[in-house]
Every structure is written in structure tokens, then in C-alpha cells.
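Printed here is my_file_23.txt (compact mmCIF, C-alpha atoms):
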# COMPACT_ATOMS: atom_id res chain seq x y z
CA MET B 1 -46.64 -9.19 -10.42
CA MET B 2 -43.92 -11.77 -9.83
CA SER B 3 -42.40 -13.85 -7.05
CA ARG B 4 -39.02 -13.62 -5.39
CA PRO B 5 -36.17 -15.52 -7.11
CA HIS B 6 -36.01 -18.32 -4.49
CA THR B 7 -39.78 -18.79 -4.76
CA GLN B 8 -39.53 -18.97 -8.56
CA GLY B 9 -36.86 -21.65 -8.23
CA ARG B 10 -39.00 -23.71 -5.85
CA VAL B 11 -42.00 -23.39 -8.16
CA ALA B 12 -39.90 -24.39 -11.17
CA PHE B 13 -38.62 -27.49 -9.37
CA ALA B 14 -42.10 -28.48 -8.22
CA THR B 15 -43.66 -28.07 -11.67
CA VAL B 16 -40.88 -30.07 -13.34
CA VAL B 17 -41.15 -32.93 -10.84
CA GLY B 18 -44.95 -32.97 -10.92
CA THR B 19 -45.33 -32.88 -14.69
CA SER B 20 -42.55 -35.46 -15.12
CA ILE B 21 -44.46 -37.89 -12.91
CA GLU B 22 -47.76 -37.17 -14.66
CA TRP B 23 -46.27 -37.71 -18.12
CA TYR B 24 -44.34 -40.78 -16.99
CA ASP B 25 -47.69 -42.34 -16.12
CA TYR B 26 -49.33 -41.14 -19.33
CA PHE B 27 -46.55 -42.20 -21.72
CA LEU B 28 -45.98 -45.50 -19.95
CA TYR B 29 -49.43 -46.55 -21.08
CA ALA B 30 -48.79 -45.30 -24.63
CA ALA B 31 -45.51 -47.22 -24.94
CA ALA B 32 -47.06 -50.35 -23.45
CA SER B 33 -50.04 -50.18 -25.83
CA GLY B 34 -48.03 -51.20 -28.89
CA LEU B 35 -45.60 -53.48 -27.06
CA ILE B 36 -47.76 -55.26 -24.48
CA PHE B 37 -51.45 -54.39 -24.38
CA ASN B 38 -52.00 -55.34 -28.03
CA GLN B 39 -50.99 -58.90 -27.09
CA LEU B 40 -52.30 -59.29 -23.54
CA PHE B 41 -55.57 -57.35 -23.70
CA PHE B 42 -56.54 -57.24 -27.40
CA GLY B 43 -54.74 -60.32 -28.76
CA PRO B 44 -57.86 -62.16 -30.05
CA LEU B 45 -58.38 -59.38 -32.63
CA GLY B 46 -55.30 -60.47 -34.61
CA PRO B 47 -51.87 -58.81 -35.06
CA THR B 48 -52.88 -55.73 -37.08
CA MET B 49 -56.28 -55.01 -35.58
CA SER B 50 -55.12 -55.60 -31.99
CA THR B 51 -52.38 -52.99 -32.42
CA MET B 52 -54.74 -50.48 -34.03
CA VAL B 53 -57.27 -50.94 -31.22
CA ALA B 54 -54.53 -50.66 -28.58
CA PHE B 55 -53.38 -47.39 -30.16
CA ALA B 56 -57.01 -46.26 -30.31
CA THR B 57 -57.27 -46.65 -26.52
CA VAL B 58 -54.37 -44.20 -26.29
CA GLY B 59 -56.48 -41.79 -28.34
CA ILE B 60 -59.70 -42.43 -26.42
CA SER B 61 -58.17 -40.84 -23.34
CA PHE B 62 -57.71 -37.62 -25.32
CA LEU B 63 -61.44 -37.38 -25.83
CA PHE B 64 -61.77 -36.99 -22.07
CA ARG B 65 -58.97 -34.46 -21.71
CA PRO B 66 -61.36 -31.57 -22.45
CA LEU B 67 -63.51 -32.78 -19.55
CA GLY B 68 -60.46 -32.58 -17.30
CA ALA B 69 -59.61 -29.19 -18.78
CA PHE B 70 -63.15 -27.88 -18.28
CA LEU B 71 -63.25 -29.04 -14.66
CA ALA B 72 -59.72 -27.86 -13.87
CA GLY B 73 -60.23 -24.57 -15.69
CA HIS B 74 -63.52 -23.87 -13.93
CA PHE B 75 -62.25 -24.65 -10.45
CA GLY B 76 -58.71 -23.41 -11.14
CA ASP B 77 -60.03 -19.94 -12.00
CA LYS B 78 -62.22 -20.01 -8.86
CA LEU B 79 -60.17 -21.94 -6.28
CA GLY B 80 -56.59 -21.59 -7.48
CA ARG B 81 -53.90 -23.45 -9.42
CA ARG B 82 -52.22 -25.49 -6.68
CA VAL B 83 -55.17 -27.51 -5.38
CA ILE B 84 -55.99 -28.68 -8.92
CA LEU B 85 -52.42 -29.89 -9.43
CA ILE B 86 -52.56 -32.05 -6.31
CA ILE B 87 -55.87 -33.63 -7.36
CA THR B 88 -54.70 -34.41 -10.90
CA LEU B 89 -51.44 -35.93 -9.65
CA ILE B 90 -53.22 -38.33 -7.30
CA ALA B 91 -55.82 -39.33 -9.90
CA MET B 92 -53.19 -40.04 -12.54
CA GLY B 93 -51.02 -42.06 -10.17
CA ALA B 94 -53.87 -44.16 -8.84
CA ALA B 95 -55.05 -45.06 -12.35
CA THR B 96 -51.53 -46.00 -13.43
CA ALA B 97 -50.87 -48.21 -10.40
CA LEU B 98 -54.20 -50.01 -10.87
CA ILE B 99 -53.27 -50.84 -14.48
CA GLY B 100 -50.33 -52.77 -13.07
CA PHE B 101 -52.74 -54.96 -11.10
CA LEU B 102 -55.12 -55.70 -13.98
CA PRO B 103 -55.67 -59.34 -15.01
CA THR B 104 -55.25 -59.99 -18.75
CA PHE B 105 -57.77 -61.13 -21.36
CA ASP B 106 -56.77 -64.76 -20.83
CA SER B 107 -57.73 -64.45 -17.15
CA ILE B 108 -61.02 -62.53 -17.14
CA GLY B 109 -61.96 -62.13 -20.80
CA ILE B 110 -63.63 -58.98 -22.12
CA ALA B 111 -63.61 -57.38 -18.66
CA ALA B 112 -59.84 -56.91 -18.93
CA PRO B 113 -59.81 -54.46 -21.89
CA ILE B 114 -62.89 -52.70 -20.52
CA LEU B 115 -61.20 -52.02 -17.17
CA LEU B 116 -58.03 -50.97 -19.00
CA ILE B 117 -59.97 -48.41 -21.03
CA VAL B 118 -61.73 -47.06 -17.91
CA LEU B 119 -58.38 -46.46 -16.21
CA ARG B 120 -57.02 -44.85 -19.36
CA ILE B 121 -59.99 -42.48 -19.37
CA ILE B 122 -59.14 -41.45 -15.79
CA GLN B 123 -55.60 -40.77 -16.99
CA GLY B 124 -57.02 -38.60 -19.77
CA ILE B 125 -59.16 -36.53 -17.41
CA SER B 126 -56.17 -36.03 -15.14
CA ALA B 127 -53.85 -35.02 -18.00
CA GLY B 128 -56.44 -32.54 -19.22
CA GLY B 129 -56.38 -30.73 -15.89
CA GLU B 130 -52.68 -31.01 -15.14
CA TRP B 131 -51.07 -28.94 -17.85
CA GLY B 132 -52.86 -25.63 -17.38
CA GLY B 133 -52.21 -25.48 -13.67
CA ALA B 134 -48.55 -26.42 -13.95
CA VAL B 135 -47.66 -23.92 -16.65
CA LEU B 136 -49.61 -21.07 -15.04
CA LEU B 137 -47.83 -21.58 -11.74
CA ALA B 138 -44.51 -21.32 -13.58
CA VAL B 139 -45.41 -18.41 -15.88
CA GLU B 140 -47.38 -16.30 -13.40
CA HIS B 141 -44.57 -16.53 -10.83
CA ALA B 142 -41.95 -15.41 -13.40
CA GLU B 143 -40.62 -11.98 -14.24
CA PRO B 144 -41.73 -10.89 -17.75
CA ARG B 145 -38.27 -10.99 -19.36
CA ARG B 146 -37.79 -14.65 -18.34
CA ARG B 147 -41.35 -15.83 -18.79
CA GLY B 148 -40.54 -18.02 -21.78
CA LEU B 149 -37.70 -19.77 -19.98
CA ARG B 150 -39.64 -20.29 -16.76
CA GLY B 151 -42.64 -21.55 -18.70
CA SER B 152 -40.49 -24.12 -20.48
CA TYR B 153 -39.69 -25.90 -17.20
CA PRO B 154 -42.99 -27.77 -16.84
CA GLN B 155 -42.72 -28.56 -20.57
CA ILE B 156 -39.59 -30.61 -20.03
CA GLY B 157 -41.71 -32.85 -17.84
CA VAL B 158 -42.87 -34.36 -21.14
CA SER B 159 -39.30 -35.24 -22.12
CA ILE B 160 -38.43 -36.52 -18.65
CA GLY B 161 -41.64 -38.56 -18.57
CA LEU B 162 -40.69 -40.13 -21.91
CA ILE B 163 -37.14 -40.79 -20.71
CA LEU B 164 -38.38 -42.43 -17.51
CA SER B 165 -41.17 -44.50 -19.07
CA SER B 166 -39.05 -45.78 -21.98
CA GLY B 167 -36.01 -46.25 -19.76
CA VAL B 168 -37.84 -48.23 -17.08
CA LEU B 169 -39.50 -50.43 -19.72
CA ALA B 170 -36.11 -50.99 -21.38
CA LEU B 171 -34.59 -51.88 -18.02
CA MET B 172 -37.34 -54.40 -17.38
CA THR B 173 -36.73 -56.06 -20.75
CA ALA B 174 -33.22 -56.81 -19.48
CA ILE B 175 -34.31 -57.89 -15.99
CA ALA B 176 -37.24 -59.98 -17.28
CA PRO B 177 -36.35 -60.93 -20.89
CA GLY B 178 -38.58 -62.79 -23.32
CA ASP B 179 -41.77 -64.30 -21.94
CA ALA B 180 -41.02 -63.08 -18.43
CA PHE B 181 -41.49 -59.48 -19.60
CA LEU B 182 -45.00 -60.25 -20.87
CA GLU B 183 -45.82 -62.34 -17.79
CA TRP B 184 -44.82 -59.90 -15.06
CA GLY B 185 -41.98 -57.57 -16.07
CA TRP B 186 -44.23 -54.97 -17.70
CA ARG B 187 -46.20 -54.50 -14.48
CA VAL B 188 -43.26 -53.19 -12.41
CA PRO B 189 -43.08 -49.74 -14.11
CA PHE B 190 -46.79 -49.24 -13.37
CA PHE B 191 -46.31 -50.16 -9.70
CA LEU B 192 -43.45 -47.64 -9.53
CA SER B 193 -46.01 -44.87 -10.00
CA ILE B 194 -47.09 -45.29 -6.37
CA LEU B 195 -43.69 -44.14 -5.12
CA LEU B 196 -43.41 -41.34 -7.68
CA VAL B 197 -46.82 -39.90 -6.83
CA ALA B 198 -45.97 -39.89 -3.11
CA VAL B 199 -42.85 -37.84 -3.89
CA GLY B 200 -44.78 -35.50 -6.19
CA TYR B 201 -47.51 -34.94 -3.62
CA TRP B 202 -45.00 -34.02 -0.93
CA ILE B 203 -43.29 -31.51 -3.22
CA ARG B 204 -46.45 -29.88 -4.54
CA ARG B 205 -47.91 -29.34 -1.08
CA GLY B 206 -45.09 -26.88 -0.37
CA VAL B 207 -45.61 -24.70 -3.45
CA GLU B 208 -47.06 -21.21 -3.06
CA GLU B 209 -50.19 -20.27 -5.01
CA SER B 210 -49.80 -18.14 -8.15
CA PRO B 211 -49.44 -14.42 -7.25
CA VAL B 212 -51.92 -13.56 -10.02
CA PHE B 213 -54.60 -15.77 -8.47
CA HIS B 214 -53.73 -14.49 -4.99
CA GLU B 215 -54.53 -10.97 -6.11
CA ILE B 216 -57.74 -12.06 -7.87
CA ALA B 217 -58.86 -13.91 -4.72
CA GLU B 218 -58.02 -10.99 -2.41
CA ARG B 219 -60.17 -8.71 -4.54
CA LYS B 220 -62.90 -11.37 -4.71
CA GLU B 221 -62.90 -10.98 -8.48
CA GLN B 222 -63.18 -14.65 -9.40
CA VAL B 223 -65.57 -15.16 -12.31
CA SER B 224 -68.60 -17.26 -11.37
CA ASN B 225 -68.68 -18.97 -14.77
CA PRO B 226 -65.20 -18.69 -16.33
CA LEU B 227 -65.92 -21.24 -19.07
CA GLY B 228 -69.02 -19.35 -20.16
CA LYS B 229 -67.08 -16.10 -20.32
CA LEU B 230 -64.24 -17.79 -22.20
CA PHE B 231 -66.42 -19.20 -24.97
CA ARG B 232 -68.62 -16.15 -25.15
CA ASN B 233 -65.74 -13.71 -25.66
CA HIS B 234 -62.77 -15.77 -26.87
CA TRP B 235 -64.08 -18.79 -28.81
CA LEU B 236 -62.09 -18.00 -31.98
CA LEU B 237 -58.92 -17.49 -29.96
CA VAL B 238 -59.42 -20.90 -28.34
CA ILE B 239 -59.71 -22.52 -31.78
CA LEU B 240 -56.57 -20.85 -33.14
CA ALA B 241 -54.56 -21.56 -29.99
CA SER B 242 -55.65 -25.20 -30.26
CA LEU B 243 -54.55 -25.40 -33.89
CA VAL B 244 -51.12 -24.02 -33.00
CA PHE B 245 -50.60 -27.18 -30.94
CA VAL B 246 -51.63 -29.78 -33.55
CA GLY B 247 -48.35 -29.87 -35.47
CA ASN B 248 -46.16 -30.50 -32.46
CA ASN B 249 -48.60 -32.94 -30.91
CA ALA B 250 -49.07 -35.11 -34.01
CA ALA B 251 -45.33 -35.41 -34.64
CA GLY B 252 -44.52 -35.88 -30.95
CA TYR B 253 -46.93 -38.77 -30.62
CA MET B 254 -44.90 -40.82 -33.05
CA THR B 255 -42.79 -41.63 -29.98
CA THR B 256 -44.85 -40.57 -26.97
CA GLY B 257 -47.83 -42.43 -28.46
CA GLY B 258 -45.76 -45.57 -29.02
CA TYR B 259 -45.97 -45.72 -32.84
CA ILE B 260 -42.24 -45.75 -33.63
CA GLN B 261 -41.62 -48.28 -30.86
CA ASN B 262 -44.21 -50.62 -32.35
CA TYR B 263 -43.21 -50.00 -35.98
CA ALA B 264 -39.52 -50.60 -35.34
CA THR B 265 -39.96 -53.74 -33.20
CA ASP B 266 -42.82 -55.46 -35.06
CA PRO B 267 -41.41 -58.92 -35.92
CA THR B 268 -43.68 -59.09 -38.99
CA GLY B 269 -42.73 -55.58 -40.14
CA PRO B 270 -39.92 -54.32 -42.37
CA ILE B 271 -37.41 -53.63 -39.57
CA GLY B 272 -37.83 -56.09 -36.68
CA LEU B 273 -35.41 -54.51 -34.20
CA ASP B 274 -35.14 -55.78 -30.64
CA ARG B 275 -37.43 -54.11 -28.11
CA GLY B 276 -34.72 -53.04 -25.65
CA PRO B 277 -32.43 -51.02 -27.99
CA VAL B 278 -35.42 -49.18 -29.49
CA LEU B 279 -36.67 -48.18 -26.05
CA TRP B 280 -33.18 -46.99 -25.09
CA ALA B 281 -32.97 -44.97 -28.33
CA VAL B 282 -36.31 -43.29 -27.57
CA SER B 283 -35.16 -42.47 -24.04
CA ALA B 284 -31.85 -41.04 -25.23
CA SER B 285 -33.48 -38.94 -27.96
CA ALA B 286 -35.83 -37.46 -25.36
CA VAL B 287 -32.79 -35.80 -23.78
CA SER B 288 -32.41 -33.78 -26.99
CA TRP B 289 -36.09 -32.86 -26.83
CA LEU B 290 -35.61 -31.67 -23.25
CA ILE B 291 -32.62 -29.49 -24.14
CA PHE B 292 -34.26 -27.82 -27.12
CA THR B 293 -37.48 -27.22 -25.19
CA ILE B 294 -35.54 -25.13 -22.68
CA VAL B 295 -33.59 -23.42 -25.47
CA ALA B 296 -36.83 -22.51 -27.24
CA GLY B 297 -38.26 -20.97 -24.07
CA ALA B 298 -35.13 -18.86 -23.60
CA VAL B 299 -34.96 -17.88 -27.28
CA SER B 300 -38.60 -16.75 -27.18
CA ASP B 301 -37.69 -14.27 -24.45
CA ARG B 302 -35.28 -12.67 -26.93
CA ILE B 303 -36.99 -12.86 -30.33
CA GLY B 304 -40.64 -13.33 -29.28
CA ARG B 305 -42.98 -16.31 -29.10
CA LYS B 306 -44.20 -16.03 -32.68
CA ASN B 307 -40.77 -15.83 -34.31
CA THR B 308 -39.62 -18.80 -32.26
CA TYR B 309 -42.62 -20.77 -33.46
CA LEU B 310 -41.93 -19.91 -37.11
CA LEU B 311 -38.37 -21.17 -36.72
CA GLY B 312 -39.69 -24.25 -34.96
CA TRP B 313 -42.15 -25.18 -37.71
CA ALA B 314 -39.34 -25.10 -40.29
CA LEU B 315 -37.16 -27.32 -38.09
CA LEU B 316 -40.04 -29.70 -37.44
CA LEU B 317 -40.68 -30.19 -41.17
CA ILE B 318 -37.03 -31.15 -41.60
CA GLY B 319 -37.40 -33.69 -38.81
CA ILE B 320 -40.61 -35.12 -40.24
CA PHE B 321 -39.19 -35.71 -43.72
CA SER B 322 -36.00 -37.21 -42.24
CA LEU B 323 -37.77 -39.54 -39.83
CA PHE B 324 -38.84 -42.58 -41.82
CA PRO B 325 -36.03 -42.64 -44.42
CA LEU B 326 -33.60 -43.02 -41.51
CA VAL B 327 -35.79 -45.39 -39.45
CA ASN B 328 -36.41 -47.64 -42.46
CA THR B 329 -32.69 -48.36 -42.82
CA GLY B 330 -33.06 -50.81 -39.94
CA SER B 331 -30.05 -49.30 -38.15
CA ILE B 332 -30.63 -48.55 -34.48
CA TRP B 333 -28.12 -45.70 -34.68
CA LEU B 334 -29.88 -44.08 -37.64
CA LEU B 335 -33.20 -44.54 -35.82
CA PHE B 336 -31.69 -42.68 -32.89
CA THR B 337 -30.40 -39.97 -35.23
CA ALA B 338 -33.86 -39.59 -36.79
CA LEU B 339 -35.47 -39.13 -33.38
CA VAL B 340 -32.85 -36.58 -32.34
CA VAL B 341 -33.42 -34.53 -35.52
CA LEU B 342 -37.17 -34.69 -34.95
CA SER B 343 -36.75 -33.64 -31.33
CA VAL B 344 -35.06 -30.37 -32.31
CA GLY B 345 -38.25 -29.25 -34.06
CA LEU B 346 -40.40 -30.65 -31.28
CA GLY B 347 -38.51 -28.63 -28.69
CA PHE B 348 -38.68 -25.42 -30.72
CA THR B 349 -42.45 -25.74 -31.07
CA TYR B 350 -43.07 -26.58 -27.40
CA GLY B 351 -40.83 -24.62 -25.04
CA GLN B 352 -42.50 -21.24 -25.66
CA GLN B 353 -46.07 -22.59 -25.59
CA PRO B 354 -46.86 -21.90 -21.88
CA ALA B 355 -45.76 -18.26 -22.08
CA MET B 356 -47.58 -17.69 -25.36
CA TYR B 357 -50.82 -19.29 -24.12
CA ALA B 358 -50.74 -17.37 -20.84
CA GLU B 359 -50.19 -14.09 -22.70
CA LEU B 360 -53.15 -14.73 -25.01
CA PHE B 361 -55.89 -14.94 -22.34
CA PRO B 362 -57.14 -12.44 -19.71
CA SER B 363 -56.32 -13.30 -16.11
CA SER B 364 -59.94 -13.99 -15.10
CA VAL B 365 -60.30 -16.89 -17.57
CA ARG B 366 -56.65 -17.79 -18.13
CA PHE B 367 -56.71 -21.25 -16.50
CA SER B 368 -59.77 -22.18 -18.54
CA GLY B 369 -58.30 -20.70 -21.74
CA VAL B 370 -54.93 -22.42 -21.65
CA SER B 371 -56.35 -25.76 -20.41
CA VAL B 372 -59.15 -25.99 -22.96
CA SER B 373 -56.93 -24.86 -25.86
CA TYR B 374 -54.30 -27.42 -24.94
CA ALA B 375 -56.85 -30.21 -24.56
CA ILE B 376 -58.59 -29.52 -27.88
CA GLY B 377 -55.23 -29.22 -29.64
CA SER B 378 -54.16 -32.57 -28.22
CA ILE B 379 -57.30 -34.22 -29.59
CA LEU B 380 -56.92 -32.72 -33.05
CA GLY B 381 -53.17 -33.39 -33.09
CA GLY B 382 -51.98 -36.38 -31.12
CA ALA B 383 -55.06 -38.28 -29.96
CA PHE B 384 -55.24 -40.69 -32.86
CA ALA B 385 -51.92 -39.93 -34.58
CA PRO B 386 -50.52 -43.46 -33.90
CA THR B 387 -53.78 -45.06 -35.07
CA ILE B 388 -53.85 -42.88 -38.19
CA ALA B 389 -50.21 -43.68 -38.92
CA LYS B 390 -50.85 -47.41 -38.55
CA ALA B 391 -53.90 -47.20 -40.83
CA LEU B 392 -52.04 -45.15 -43.45
CA VAL B 393 -49.19 -47.65 -43.66
CA SER B 394 -51.64 -50.55 -43.84
CA ALA B 395 -53.58 -48.83 -46.63
CA THR B 396 -50.67 -47.47 -48.70
CA GLY B 397 -47.84 -49.81 -47.81
CA THR B 398 -45.47 -46.88 -47.34
CA THR B 399 -44.45 -44.54 -44.53
CA THR B 400 -44.40 -41.63 -46.99
CA SER B 401 -48.11 -41.26 -46.31
CA VAL B 402 -47.39 -40.80 -42.60
CA ALA B 403 -44.82 -38.08 -43.34
CA ALA B 404 -47.37 -36.30 -45.56
CA TYR B 405 -49.97 -36.45 -42.77
CA LEU B 406 -47.54 -35.04 -40.20
CA ALA B 407 -46.45 -32.29 -42.61
CA LEU B 408 -50.09 -31.29 -43.19
CA MET B 409 -50.65 -30.98 -39.42
CA THR B 410 -47.51 -28.85 -39.16
CA LEU B 411 -48.67 -26.51 -41.93
CA ILE B 412 -52.05 -26.09 -40.21
CA ALA B 413 -50.22 -25.08 -37.03
CA LEU B 414 -48.04 -22.67 -39.01
CA VAL B 415 -51.10 -20.90 -40.46
CA ALA B 416 -52.69 -20.66 -37.00
CA THR B 417 -49.47 -19.14 -35.63
CA LEU B 418 -49.49 -16.50 -38.36
CA CYS B 419 -53.04 -15.52 -37.34
CA LEU B 420 -51.95 -14.55 -33.80
CA LYS B 421 -50.13 -11.44 -32.61
CA ASP B 422 -47.01 -11.71 -30.50
CA ARG B 423 -47.85 -10.49 -26.97
CA SER B 424 -44.53 -11.33 -25.32
CA GLY B 425 -44.12 -9.54 -22.00
CA ILE B 426 -47.72 -8.32 -21.66
CA PRO B 427 -48.64 -7.78 -17.96
CA LEU B 428 -50.49 -10.82 -16.59
CA GLY B 429 -52.04 -9.40 -13.40
CA PRO B 430 -55.73 -8.53 -12.89
CA ASP B 431 -54.89 -4.79 -12.97
CA HIS B 432 -54.32 -5.18 -16.71
CA GLU B 433 -57.46 -7.18 -17.59
CA GLU B 434 -58.56 -4.49 -20.07
CA GLU B 435 -55.25 -4.63 -21.96
CA GLN B 436 -55.30 -8.43 -21.89
CA SER B 437 -58.84 -8.47 -23.31
CA VAL B 438 -57.82 -6.67 -26.51
CA SER B 439 -58.01 -9.26 -29.30
CA PRO B 440 -54.67 -10.96 -30.06
CA LEU B 441 -55.91 -11.99 -33.51
CA VAL B 442 -54.11 -10.44 -36.46
CA GLY B 443 -56.36 -7.76 -38.00
CA HIS B 444 -58.59 -7.50 -34.89
CA HIS B 445 -58.39 -4.54 -32.52
CA THR B 446 -61.58 -4.91 -30.49
CA ARG B 447 -62.09 -6.60 -27.14
Could you rewrite the structure in this file as C-alpha cells?
Amino acid sequence: MMSRPHTQGRVAFATVVGTSIEWYDYFLYAAASGLIFNQLFFGPLGPTMSTMVAFATVGISFLFRPLGAFLAGHFGDKLGRRVILIITLIAMGAATALIGFLPTFDSIGIAAPILLIVLRIIQGISAGGEWGGAVLLAVEHAEPRRRGLRGSYPQIGVSIGLILSSGVLALMTAIAPGDAFLEWGWRVPFFLSILLVAVGYWIRRGVEESPVFHEIAERKEQVSNPLGKLFRNHWLLVILASLVFVGNNAAGYMTTGGYIQNYATDPTGPIGLDRGPVLWAVSASAVSWLIFTIVAGAVSDRIGRKNTYLLGWALLLIGIFSLFPLVNTGSIWLLFTALVVLSVGLGFTYGQQPAMYAELFPSSVRFSGVSVSYAIGSILGGAFAPTIAKALVSATGTTTSVAAYLALMTLIALVATLCLKDRSGIPLGPDHEEEQSVSPLVGHHTR
């Protein structure tokens, strides 16, 4: 149950391009929340509260990601993976472009932040449906011995999206410095989404449907209510799979959620670095995240998904406890070093995730299973991580509290990982539904 090598390559390229565009749109908002939106849309709330509320709008979108996951999972298990990916791409791009056209609070008052939040919610619904379809196309097209590597390709869309969003914002700070950036420069990266979505749509239209879904459709074995079946038979698995994601997501949203960018550039804060160098440092560190995401996927094909995760959690703890001591030096180079060290652990707890998730769920409910688990994990992990970090520093006066919070989330993910069996290489096709339905929970042997 796999595709020909040239088809796998085309699918890999399409999933990387598509997810990169989706995450560019998603992270662009997150970066802008602490740099721009806190001033232009929530400014009347005051410096601290406006930033916390702006970060909260980043988190609000996560609350709607399960809705996107439910819809995409339901229709993805019935209609296929590819059509869902095209819909989510267009929805995300349209919302992002419209943000670029929004008037600010000074122009239309309270309507400005309300419209901003509505568009962010649309982004959240789209992101909730995007991930499951992209990773299943990659994993279900792959041969078993390279499933981890192939599954890591759509994951690097996160790193590329961060590189692009931070890089374009940094470029605009140079083209439109000072007040010009707040007046019009910040809008250009949002307008750019129109072009990117057009490219992504053209590429995704040419991608073949997953061979697993093809076989399910030919047999007319689609489940009429995949979500019902998922929660009836696999609710505990969904919870544990979600918890596996919380450690990576909470730590990752220190940059993808815009917290470090805001913390390091806040003129009233302890560091006060210039906006441009910090954005460039975030973009450059994302290259390291990209590399180690691919490495983790490949390593998981050799030592298993679970062992790769256990290594990753140890590396992530090192990154977490190194992060703020280096950032607080006020050196842009040590800030960059801190983000690179963190990205090693982020990569090693992310690259193998698509293969592991796909191998946990039976084929008939797989889209629903991976999408819902990812969406719930993102809420519990990253949704309000920047807001929580901001509140912790305000309450305690120290970033040590943030490191403790991130370490706790990592330990929760570690425990969840230990509760799951390694099912690397398990057949993914509908012929093996009975084998796939055997519980992957440690100590469980029933269906």
C-alpha cells in the first residue's frame, strides 16, 4: 500500500509547499500580535494588558481548531484527503489577506479588534483541518521503512512558515522603518498571502489522492460517522496522543506564538533589542528546527517513534532551561544561540509525529483521529502559552517561572509517550483494519 517513487516525491513537494503557506499565514498573525496588533488594535488597554489580550487572540483561534479538525476529519474520512487540503488553503489565505486590509482601532473603534478576532477564528478552523490531511497524504503514500522521513516533510512547513513570516516582517522593518512600519509596512506581508495561496492551490490540484483512501472508496467502506466511531472506540487514545503534543507545542509557541519576539523587543522590558535583528534571529533559528525535524523523522525509521520521542524530550528540556538565561543577557547572538538549542529539541519531538499518529489509528477513522488529537494537543499546549508566559512574568517578575511551566508541559508529554506502544511500520491499508484496531496503549491488548 504505497505509491511509486516519483509520486511520493510529488506528494512530498506539494505537502511541504502547502503547509509552509498555511503556517506562514498562521505565524504571521502570531508574530504581529505582540509587535503590531497590541498597539494598533488593542492600544487603549495599556501596554501590559494590550499585549496580553493580543496574545490571547492568538490562543482564541486554537479553540476553533477542533471544529476544523472535526469537519476535516469527518469529510476527510468520507470524501478524501486532497479536497480538504484545497479548502483549508483557500480559507486560510483569504482570512490572512483580509487582515491586511483591516482598519485600525483609531479608524473604526471597537469594530477593528472584533473583525480581527473573527478572521483569526477562520484561520484557526483552517489550521485545524490542514494538518491531518497533509500528513496523511505524505505518510499513506510512503513505503513503511521511510514513513517517518516522508511524514516529516509536511512538518517542516512549520519551520518554513516561521522563516518566511519572520523574514518578511524583518524585511519590511528595513523597507518601512519606524512609524512607517506601523502605518503601512506591516500590511504587505499579509497581502503577500494572496500570491502564495494561488501558488499552493495550483500545486495541490495536481496531487494524487492517498492510496489508502482510494482503496477504502473503491470498496465503499467509508464510515458514515467516523467521529462517533473514533470517540466510541478510541477516546483514551485520542487523549494520550493529544498529551504527547503538549510539550512540543508549548515550547514551540515561545517563538511561533510571538512571545520571545515581544519579550526581547519590549522597550519597557529588561532587554529592549531592536525589532529587526530579533526577527532575523528567529528566522535563522527556524532553519535549525527544519533540519532537526527531518533528522528526527529519519531517525525514527531506524530506532522507532517512541525512542526518538524519549530522546527528543531530554533534548527539549535542555533547550527550555537554556532559553531565558541566554536571552536575558541582552545579546542578539546569545538569543540566537538559545533559539537554536531549543530548536534541536523541538525538531526531535516533531518530525516523527505524523508517522506515529498515523500508525496509532485504524484506517477508517485515521483522518479524524490524527486531526482531533493534534487540535486538542495544540489547545492544551500552545494555545495560550504566550499569554501564560506573559502573565507568569508579570506575576513573579522572573522568567524562571516560564521555564518551569514549559518543563511541566514537557514532562506531561513524556508520561503520555511512555503510555503508548511503538507501532512503527504497521500496515496502514484497510486490509489490516483488525490489526490496526488492537489497542496501542501499554498494558492493553483488546480492540
Long-range neighbours of segment 55-68 of chain B as a PyMOL selection string, 8 Å cut-off, all atoms listed in the file, 2 positions minimum in chain: chain B and resi 29-30+33-34+51-53+70-72+117+120-129+257-258+371-372+375-376+378-379+382-387
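In terms of minimum interatomic distance to Lys421 of chain B, B:Asn307 ranks closest within B:Asn328, B:Thr398, B:Ser288, B:Asn307, counting all atoms listed in the file.
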Which residue of B:Ile156, B:Ile87, B:Leu428, B:Ala407 approaches Glu130 of chain B most closely, using only C-alpha atoms: B:Ile87
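Across the model, the gap from atom CA of Thr173 of chain B to atom CA of Val287 of chain B is 20.9 Å.
Atom pair atom CA of Leu35 of chain B / atom CA of Ala404 of chain B has a distance of 25.3 Å (rounded to one decimal).
Rounded to one decimal, atom CA of Val341 of chain B and atom CA of Ala314 of chain B lie 12.1 Å from each other.
Remark: for Leu45 of chain B, the closest of the candidate residues B:Arg147, B:Ile110, B:Met254, B:Leu192 is B:Ile110 (distances computed over only C-alpha atoms).
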Taking all atoms of segment 309-320 of chain B that appear in the file, build a box with edges along x, y and z, extend it by 4 Å on every side, and state its centre and edge lengths in Å to one decimal, as JSON.
{"center_x": -39.8, "center_y": -27.5, "center_z": -37.5, "size_x": 13.6, "size_y": 23.2, "size_z": 16.1}
Long-range neighbours of Ala14 of chain B as JSON, numbers by chain, 10 Å cut-off, all atoms listed in the file, 3 positions minimum in chain: {"B": [8, 9, 10, 11, 17, 18, 19, 20, 134, 137, 138, 153, 154, 200, 201, 202, 203, 204, 205, 206, 207]}
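For the residues B:Ala281, B:Pro430, B:Thr337, B:Thr308, ranking by smallest atom-to-atom distance to Leu414 of chain B using all atoms listed in the file places B:Thr308 first.
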Please list as a PDB file with C-alpha atoms, in the frame of the given file every residue within 12 Å of Ile303 of chain B, counting only C-alpha atoms and excluding residues in the same chain fewer than 4 positions away.
ATOM      1  CA  ARG B 145     -38.270 -10.990 -19.360  1.00  0.00           C
ATOM      2  CA  GLY B 148     -40.540 -18.020 -21.780  1.00  0.00           C
ATOM      3  CA  ALA B 296     -36.830 -22.510 -27.240  1.00  0.00           C
ATOM      4  CA  GLY B 297     -38.260 -20.970 -24.070  1.00  0.00           C
ATOM      5  CA  ALA B 298     -35.130 -18.860 -23.600  1.00  0.00           C
ATOM      6  CA  VAL B 299     -34.960 -17.880 -27.280  1.00  0.00           C
ATOM      7  CA  ASN B 307     -40.770 -15.830 -34.310  1.00  0.00           C
ATOM      8  CA  THR B 308     -39.620 -18.800 -32.260  1.00  0.00           C
ATOM      9  CA  TYR B 309     -42.620 -20.770 -33.460  1.00  0.00           C
ATOM     10  CA  LEU B 310     -41.930 -19.910 -37.110  1.00  0.00           C
ATOM     11  CA  LEU B 311     -38.370 -21.170 -36.720  1.00  0.00           C
ATOM     12  CA  GLN B 352     -42.500 -21.240 -25.660  1.00  0.00           C
ATOM     13  CA  ASP B 422     -47.010 -11.710 -30.500  1.00  0.00           C
ATOM     14  CA  ARG B 423     -47.850 -10.490 -26.970  1.00  0.00           C
ATOM     15  CA  SER B 424     -44.530 -11.330 -25.320  1.00  0.00           C
ATOM     16  CA  GLY B 425     -44.120  -9.540 -22.000  1.00  0.00           C
TER      17      GLY B 425
END
